[in-house]
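Shown here: query-v4.txt, compact mmCIF, C-alpha atoms.
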# COMPACT_ATOMS: atom_id res chain seq x y z
CA MET A 1397 263.77 170.72 136.06
CA THR A 1398 260.23 169.73 137.07
CA GLN A 1399 261.64 168.74 140.48
CA ALA A 1400 262.92 172.28 140.95
CA THR A 1401 259.61 173.75 139.84
CA SER A 1402 257.81 171.62 142.41
CA LEU A 1403 260.10 172.90 145.16
CA LEU A 1404 259.56 176.52 144.14
CA THR A 1405 255.78 176.36 143.88
CA ARG A 1406 255.07 174.61 147.16
CA GLN A 1407 256.88 177.13 149.39
CA GLN A 1408 255.18 180.02 151.18
CA SER A 1409 258.43 181.97 151.45
CA ALA A 1410 261.83 181.76 149.81
CA ILE A 1411 265.32 183.26 149.74
CA LEU A 1412 267.46 183.75 146.64
CA ALA A 1413 271.07 184.01 147.84
CA VAL A 1414 273.60 184.84 145.15
CA ASP A 1415 277.35 185.35 145.00
CA PHE A 1416 278.55 188.64 143.44
CA ASP A 1417 281.97 188.37 141.77
CA GLU A 1418 281.92 186.26 138.60
CA THR A 1419 278.37 185.11 139.33
CA LEU A 1420 276.45 188.37 138.95
CA THR A 1421 279.41 190.17 137.38
CA THR A 1422 281.38 189.26 134.26
CA HIS A 1423 284.71 189.29 136.14
CA CYS A 1424 286.22 189.58 139.63
CA THR A 1425 285.85 193.18 140.82
CA LEU A 1426 288.21 193.26 143.83
CA ALA A 1427 290.91 195.08 141.88
CA SER A 1428 288.26 197.60 140.84
CA VAL A 1429 287.42 198.26 144.49
CA VAL A 1430 291.09 199.02 145.09
CA ALA A 1431 291.18 201.21 141.96
CA VAL A 1432 288.73 203.60 143.66
CA ALA A 1433 291.39 204.30 146.31
CA GLN A 1434 294.24 204.31 143.79
CA GLN A 1435 292.64 207.20 141.93
CA LYS A 1436 293.26 209.33 145.03
CA HIS A 1437 296.45 207.71 146.31
CA ARG A 1438 298.75 206.58 143.52
CA GLY A 1439 301.19 204.98 145.94
CA HIS A 1440 298.59 202.34 146.82
CA CYS A 1441 299.14 200.63 143.48
CA LEU A 1442 302.52 199.17 144.45
CA SER A 1443 301.35 198.30 147.97
CA PHE A 1444 298.32 196.43 146.64
CA GLN A 1445 300.45 194.50 144.16
CA ARG A 1446 302.68 193.38 147.00
CA CYS A 1447 299.65 192.27 148.99
CA ALA A 1448 298.32 190.38 145.97
CA ASP A 1449 301.70 188.71 145.39
CA GLU A 1450 301.89 187.61 149.03
CA TYR A 1451 298.38 186.20 148.83
CA MET A 1452 299.16 184.19 145.69
CA LYS A 1453 302.39 182.92 147.26
CA ASP A 1454 300.44 181.68 150.30
CA ILE A 1455 297.84 180.01 148.08
CA ASP A 1456 300.53 178.29 145.99
CA VAL A 1457 302.25 176.95 149.12
CA TYR A 1458 298.96 175.66 150.49
CA GLU A 1459 297.96 174.04 147.20
CA ALA A 1460 301.32 172.28 146.91
CA LYS A 1461 301.01 170.96 150.46
CA TRP A 1462 297.43 169.83 149.85
CA GLN A 1463 298.29 168.06 146.60
CA SER A 1464 301.16 166.29 148.33
CA THR A 1465 298.83 165.12 151.10
CA VAL A 1466 296.26 163.90 148.59
CA SER A 1467 298.92 162.02 146.60
CA ASN A 1468 300.37 160.34 149.67
CA GLN A 1469 296.99 159.27 151.06
CA ALA A 1470 295.14 158.58 147.81
CA ALA A 1471 294.75 154.88 148.54
CA HIS A 1472 293.09 155.53 151.90
CA MET A 1473 291.31 158.82 151.24
CA ALA A 1474 287.53 158.97 151.11
CA TRP A 1475 286.24 161.96 149.21
CA SER A 1476 283.50 163.54 151.32
CA GLN A 1477 282.01 166.89 152.21
CA SER A 1478 284.06 166.70 155.40
CA LEU A 1479 287.22 166.56 153.27
CA LEU A 1480 285.97 169.52 151.20
CA ASN A 1481 285.38 171.47 154.40
CA THR A 1482 288.87 170.57 155.64
CA TYR A 1483 290.39 171.90 152.41
CA LEU A 1484 288.37 175.13 152.53
CA GLU A 1485 289.04 175.69 156.24
CA GLY A 1486 292.74 175.53 155.40
CA VAL A 1487 292.24 178.43 153.00
CA MET A 1488 290.50 180.60 155.61
CA PRO A 1489 293.68 181.71 157.46
CA ILE A 1490 295.15 182.77 154.12
CA GLU A 1491 292.08 184.85 153.31
CA LYS A 1492 292.12 186.43 156.77
CA ALA A 1493 295.83 187.20 156.49
CA SER A 1494 295.18 188.84 153.14
CA LEU A 1495 292.52 191.14 154.63
CA GLU A 1496 294.89 191.98 157.48
CA ARG A 1497 297.61 192.95 154.98
CA LEU A 1498 295.18 195.21 153.14
CA SER A 1499 294.24 196.82 156.45
CA THR A 1500 297.86 197.17 157.61
CA HIS A 1501 298.89 198.87 154.37
CA LYS A 1502 295.67 200.95 154.40
CA ILE A 1503 294.93 200.05 150.79
CA LEU A 1504 291.36 201.36 151.01
CA ALA A 1505 292.11 204.40 153.20
CA GLY A 1506 290.82 207.88 152.50
CA ILE A 1507 287.78 207.13 150.35
CA SER A 1508 284.10 207.74 151.01
CA ARG A 1509 281.10 205.49 150.70
CA LYS A 1510 279.89 207.70 147.86
CA GLU A 1511 283.14 207.12 145.96
CA LEU A 1512 282.89 203.38 146.42
CA TYR A 1513 279.28 203.49 145.25
CA ALA A 1514 280.35 205.42 142.15
CA GLY A 1515 283.16 202.94 141.51
CA GLY A 1516 280.71 200.07 141.58
CA SER A 1517 278.46 201.81 139.06
CA SER A 1518 281.04 201.22 136.32
CA MET A 1519 280.87 197.44 136.76
CA LYS A 1520 278.86 195.28 134.38
CA LEU A 1521 276.45 192.59 135.50
CA ARG A 1522 275.80 189.58 133.34
CA PRO A 1523 272.98 189.97 130.79
CA GLY A 1524 269.63 189.32 132.39
CA ALA A 1525 270.95 189.33 135.96
CA ALA A 1526 269.26 192.60 136.99
CA ALA A 1527 265.95 191.64 135.42
CA CYS A 1528 266.00 188.29 137.21
CA ILE A 1529 266.71 189.90 140.59
CA ASN A 1530 263.93 192.46 140.09
CA ARG A 1531 261.42 189.74 139.22
CA VAL A 1532 262.27 187.98 142.45
CA LEU A 1533 262.12 191.21 144.47
CA ASN A 1534 258.65 191.92 143.07
CA ASP A 1535 257.34 188.66 144.52
CA PRO A 1536 256.29 189.28 148.16
CA LYS A 1537 257.21 185.69 149.08
CA TRP A 1538 260.87 186.18 148.19
CA ARG A 1539 263.96 187.85 149.61
CA VAL A 1540 267.23 188.41 147.75
CA TRP A 1541 270.57 188.19 149.56
CA VAL A 1542 273.87 189.01 147.88
CA VAL A 1543 276.51 187.04 149.79
CA SER A 1544 280.06 187.93 148.82
CA ILE A 1545 283.69 187.99 149.94
CA ASN A 1546 283.93 191.43 148.27
CA TRP A 1547 285.30 194.35 150.29
CA SER A 1548 282.49 196.93 150.03
CA GLU A 1549 278.71 196.82 150.28
CA ASP A 1550 278.56 200.31 148.75
CA PHE A 1551 280.55 199.13 145.73
CA ILE A 1552 278.18 196.17 145.23
CA ARG A 1553 275.11 198.35 145.71
CA GLY A 1554 276.44 200.83 143.14
CA ALA A 1555 276.94 198.03 140.60
CA LEU A 1556 273.43 196.68 141.21
CA GLU A 1557 271.74 200.06 140.90
CA ALA A 1558 273.65 200.96 137.72
CA ALA A 1559 272.37 197.72 136.18
CA GLY A 1560 268.79 198.61 137.09
CA VAL A 1561 268.28 196.55 140.24
CA ASN A 1562 265.79 198.03 142.71
CA VAL A 1563 268.33 198.53 145.51
CA ALA A 1564 265.76 200.42 147.60
CA SER A 1565 263.70 197.26 148.05
CA SER A 1566 263.44 196.13 151.67
CA ALA A 1567 263.66 192.56 150.39
CA LEU A 1568 267.27 193.07 149.23
CA SER A 1569 270.18 192.50 151.63
CA ILE A 1570 273.94 192.58 150.95
CA TYR A 1571 276.39 190.66 153.13
CA CYS A 1572 280.14 191.16 152.63
CA ASN A 1573 283.31 192.57 154.20
CA ASN A 1574 283.39 196.35 154.62
CA PRO A 1575 285.80 199.24 155.19
CA VAL A 1576 285.63 201.04 158.53
CA PHE A 1577 284.75 204.74 158.16
CA ALA A 1578 285.82 207.55 160.48
CA ALA A 1579 282.87 209.24 162.17
CA ASP A 1580 284.31 212.74 161.81
CA THR A 1581 285.41 212.69 158.16
CA GLY A 1582 283.26 209.94 156.66
CA LEU A 1583 286.39 208.57 154.99
CA SER A 1584 287.65 205.01 155.28
CA THR A 1585 290.38 204.42 157.85
CA GLY A 1586 291.99 201.66 155.82
CA LYS A 1587 290.79 198.86 158.08
CA ILE A 1588 288.56 196.25 156.48
CA GLU A 1589 286.11 194.62 158.86
CA PRO A 1590 285.94 190.87 158.05
CA SER A 1591 282.46 189.41 157.82
CA VAL A 1592 282.33 186.99 154.89
CA VAL A 1593 285.88 185.70 154.46
CA GLY A 1594 285.31 182.19 153.13
CA ALA A 1595 282.99 179.27 152.51
CA LYS A 1596 282.26 178.59 156.19
CA ASP A 1597 281.12 182.19 156.71
CA LYS A 1598 278.70 181.91 153.79
CA VAL A 1599 277.19 178.69 155.12
CA GLU A 1600 276.81 180.02 158.67
CA LEU A 1601 275.23 183.23 157.40
CA LEU A 1602 272.71 181.29 155.33
CA ILE A 1603 271.81 178.97 158.19
CA ARG A 1604 271.30 181.87 160.63
CA GLY A 1605 269.40 183.89 158.07
CA LYS A 1606 267.13 181.06 157.04
CA HIS A 1607 266.08 180.44 160.64
CA SER A 1608 265.59 184.17 161.29
CA VAL A 1609 262.95 184.50 158.56
CA GLN A 1610 260.88 181.47 159.49
CA GLU A 1611 257.20 182.33 159.39
CA GLN A 1612 254.80 180.46 161.64
CA GLY A 1613 256.85 177.31 161.51
CA ASN A 1614 257.34 177.54 157.76
CA VAL A 1615 261.05 177.23 156.93
CA PRO A 1616 261.75 179.24 153.76
CA LEU A 1617 263.11 177.63 150.64
CA LEU A 1618 266.77 178.49 150.06
CA VAL A 1619 268.08 178.92 146.53
CA TYR A 1620 271.81 179.61 146.16
CA VAL A 1621 273.65 180.69 143.01
CA GLY A 1622 277.46 180.67 142.85
CA ASP A 1623 280.41 179.94 140.60
CA SER A 1624 283.43 178.94 142.71
CA LEU A 1625 284.67 176.34 145.17
CA THR A 1626 284.04 178.84 147.96
CA ASP A 1627 280.36 178.61 146.97
CA LEU A 1628 280.14 174.82 146.83
CA PRO A 1629 279.25 174.18 150.52
CA ALA A 1630 276.46 176.78 150.20
CA LEU A 1631 275.30 175.17 146.95
CA ILE A 1632 275.15 171.81 148.72
CA LEU A 1633 273.35 173.31 151.71
CA ALA A 1634 270.68 174.99 149.61
CA ASP A 1635 267.35 173.35 148.78
CA LEU A 1636 268.10 174.32 145.20
CA GLY A 1637 271.69 175.08 144.19
CA LEU A 1638 272.58 176.64 140.84
CA LEU A 1639 276.23 176.39 139.78
CA PHE A 1640 277.01 179.20 137.37
CA GLY A 1641 279.60 178.59 134.66
CA LYS A 1642 281.92 175.62 134.20
CA ASN A 1643 284.52 175.91 136.94
CA LYS A 1644 286.58 172.74 136.49
CA VAL A 1645 287.65 172.56 140.13
CA VAL A 1646 284.05 172.72 141.35
CA ILE A 1647 282.89 170.13 138.84
CA GLU A 1648 285.74 167.79 139.83
CA TRP A 1649 284.79 168.07 143.49
CA CYS A 1650 281.14 167.35 142.64
CA GLN A 1651 282.21 164.23 140.77
CA ARG A 1652 284.36 163.09 143.68
CA LEU A 1653 281.48 163.67 146.10
CA GLY A 1654 279.08 161.72 143.89
CA ILE A 1655 276.90 164.75 143.20
CA ASN A 1656 275.01 164.42 139.94
CA PHE A 1657 273.56 167.63 138.58
CA GLY A 1658 269.77 167.67 138.40
CA GLU A 1659 269.22 164.77 140.81
CA LEU A 1660 267.57 164.87 144.23
CA ARG A 1661 270.17 164.51 146.97
CA ASP A 1662 268.16 163.49 150.02
CA LYS A 1663 265.28 161.16 150.81
CA ASN A 1664 262.86 164.06 151.30
CA GLY A 1665 263.42 165.21 147.73
CA SER A 1666 264.34 168.72 148.78
CA SER A 1667 267.92 169.24 147.65
CA ILE A 1668 268.98 169.59 144.01
CA LEU A 1669 272.10 171.00 142.36
CA TYR A 1670 271.92 172.29 138.79
CA GLN A 1671 274.62 173.57 136.50
As structure tokens, please, write out the structure in this file.
Amino acid sequence: MTQATSLLTRQQSAILAVDFDETLTTHCTLASVVAVAQQKHRGHCLSFQRCADEYMKDIDVYEAKWQSTVSNQAAHMAWSQSLLNTYLEGVMPIEKASLERLSTHKILAGISRKELYAGGSSMKLRPGAAACINRVLNDPKWRVWVVSINWSEDFIRGALEAAGVNVASSALSIYCNNPVFAADTGLSTGKIEPSVVGAKDKVELLIRGKHSVQEQGNVPLLVYVGDSLTDLPALILADLGLLFGKNKVVIEWCQRLGINFGELRDKNGSSILYQ
């Protein structure tokens, strides 16, 4: 851990980027986002279940095809980050199709930003999460970015504020997918604007963001915290990656890629992944 401490203390500026669902929260909250709309439109319950079933069917088909490919080419296959990216890029069309289904069926139609904010306020963050974020926000060298495939910034902001996070801080940014709201009514149209759909989107956002906050040639330190395979490319990209929890799939990929937790991963000594 002294290697991580050295990285943190020698930087003039830094970014803490953190996933939301099952990293900051105790469980996935996507169904809770939908529940905000279901309280007003009971018929959405069946439509959402159909969308969820179609999504899981697509994932199962993809996983079966992937496992078959891996089995057939095991003798020649080299496990690499390129292979990880290939797997995750194959998931992206499924995620996009899922968002399109939600938009087509108008699952999130007819709700306001205020209602989404209130829905988020009932979510629970993990113990100590809010205090940790506030400590970082209080340091003028740091920025905090919540980077999530969730469907509502207002929902996330509501959850953070309810937990005691200083959401008014200019150092806090939230990046995720969002409903489109009608200008005349202020209510959601049902369309969800895709922004952070998968792993590639997270990585590209972090790269663009890191360069945008460079100060006088000083590239900021990037710390990323996540729990899932969608987070792994961002964890690898970060100067300091923190894998939350014990996701077996992520750990297996790390083993295949030769990533040892707590060890420097490049010759400059600036990339470490902790669990």
Leaving out Gln1477 of chain A and any residue of its chain fewer than 5 positions from it, which residues lie within 10 Å of it when counting all atoms listed in the file, given as a PDB file with C-alpha atoms, in the coordinates of the input?
ATOM      1  CA  THR A1482     288.870 170.570 155.640  1.00  0.00           C
ATOM      2  CA  TYR A1483     290.390 171.900 152.410  1.00  0.00           C
ATOM      3  CA  LEU A1628     280.140 174.820 146.830  1.00  0.00           C
ATOM      4  CA  PRO A1629     279.250 174.180 150.520  1.00  0.00           C
ATOM      5  CA  ILE A1632     275.150 171.810 148.720  1.00  0.00           C
ATOM      6  CA  TRP A1649     284.790 168.070 143.490  1.00  0.00           C
ATOM      7  CA  CYS A1650     281.140 167.350 142.640  1.00  0.00           C
ATOM      8  CA  ARG A1652     284.360 163.090 143.680  1.00  0.00           C
ATOM      9  CA  LEU A1653     281.480 163.670 146.100  1.00  0.00           C
TER      10      LEU A1653
END
(request) May I have the residues within 12 Å of Gly1641 of chain A as a ChimeraX atom specification, using only C-alpha atoms and disregarding those fewer than 5 positions away in the same chain? (result) /A:1418-1423,1522,1621-1625,1646-1647,1670-1671
(request) May I have the residues within 8 Å of segment 1606-1609 of chain A as an NGL selection string, using only C-alpha atoms and disregarding those fewer than 6 positions away in the same chain? (result) :A and (1411 or 1615-1616 or 1618)
Please identify every residue of segment 1424-1542 of chain A that has at least one atom no farther than 12 Å from an atom of segment 1571-1576 of chain A, counting all atoms listed in the file, and for each give the shortest atom pair and the distance in Å to one decimal, arranged by chain then increasing number, as a Markdown table.
| residue | atom | partner | partner_atom | distance |
| --- | --- | --- | --- | --- |
| A:Leu1426 | CA | A:Asn1573 | CA | 11.5 |
| A:Val1429 | CA | A:Pro1575 | CA | 10.9 |
| A:Val1430 | CA | A:Pro1575 | CA | 11.4 |
| A:Ala1433 | CA | A:Pro1575 | CA | 11.6 |
| A:Glu1491 | CA | A:Asn1573 | CA | 11.7 |
| A:Lys1492 | CA | A:Asn1573 | CA | 11.0 |
| A:Leu1495 | CA | A:Asn1573 | CA | 9.3 |
| A:Glu1496 | CA | A:Pro1575 | CA | 11.9 |
| A:Leu1498 | CA | A:Pro1575 | CA | 10.4 |
| A:Ser1499 | CA | A:Pro1575 | CA | 8.9 |
| A:Lys1502 | CA | A:Pro1575 | CA | 10.0 |
| A:Ile1503 | CA | A:Pro1575 | CA | 10.2 |
| A:Leu1504 | CA | A:Pro1575 | CA | 7.3 |
| A:Ala1505 | CA | A:Pro1575 | CA | 8.4 |
| A:Gly1506 | CA | A:Pro1575 | CA | 10.3 |
| A:Ile1507 | CA | A:Pro1575 | CA | 9.5 |
| A:Ser1508 | CA | A:Pro1575 | CA | 9.6 |
| A:Arg1509 | CA | A:Pro1575 | CA | 9.0 |
| A:Leu1512 | CA | A:Pro1575 | CA | 10.1 |
| A:Val1540 | CA | A:Tyr1571 | CA | 10.9 |
| A:Trp1541 | CA | A:Tyr1571 | CA | 7.3 |
| A:Val1542 | CA | A:Tyr1571 | CA | 6.1 |
(request) In Å, rounded to a single decimal, give me how far atom CA of Thr1585 of chain A is from atom CA of Ser1548 of chain A. (result) 13.4 Å
(request) Figure out the distance between atom CA of Cys1528 of chain A and atom CA of Tyr1620 of chain A, please, to one decimal in Å. (result)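 Separating atom CA of Tyr1620 of chain A from atom CA of Cys1528 of chain A is a distance of 13.8 Å.
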(request) Can you work out the spacing between atom CA of Leu1669 of chain A and atom CA of Leu1638 of chain A in Å, to one decimal? (result)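 Separation of atom CA of Leu1669 of chain A and atom CA of Leu1638 of chain A: 5.9 Å.
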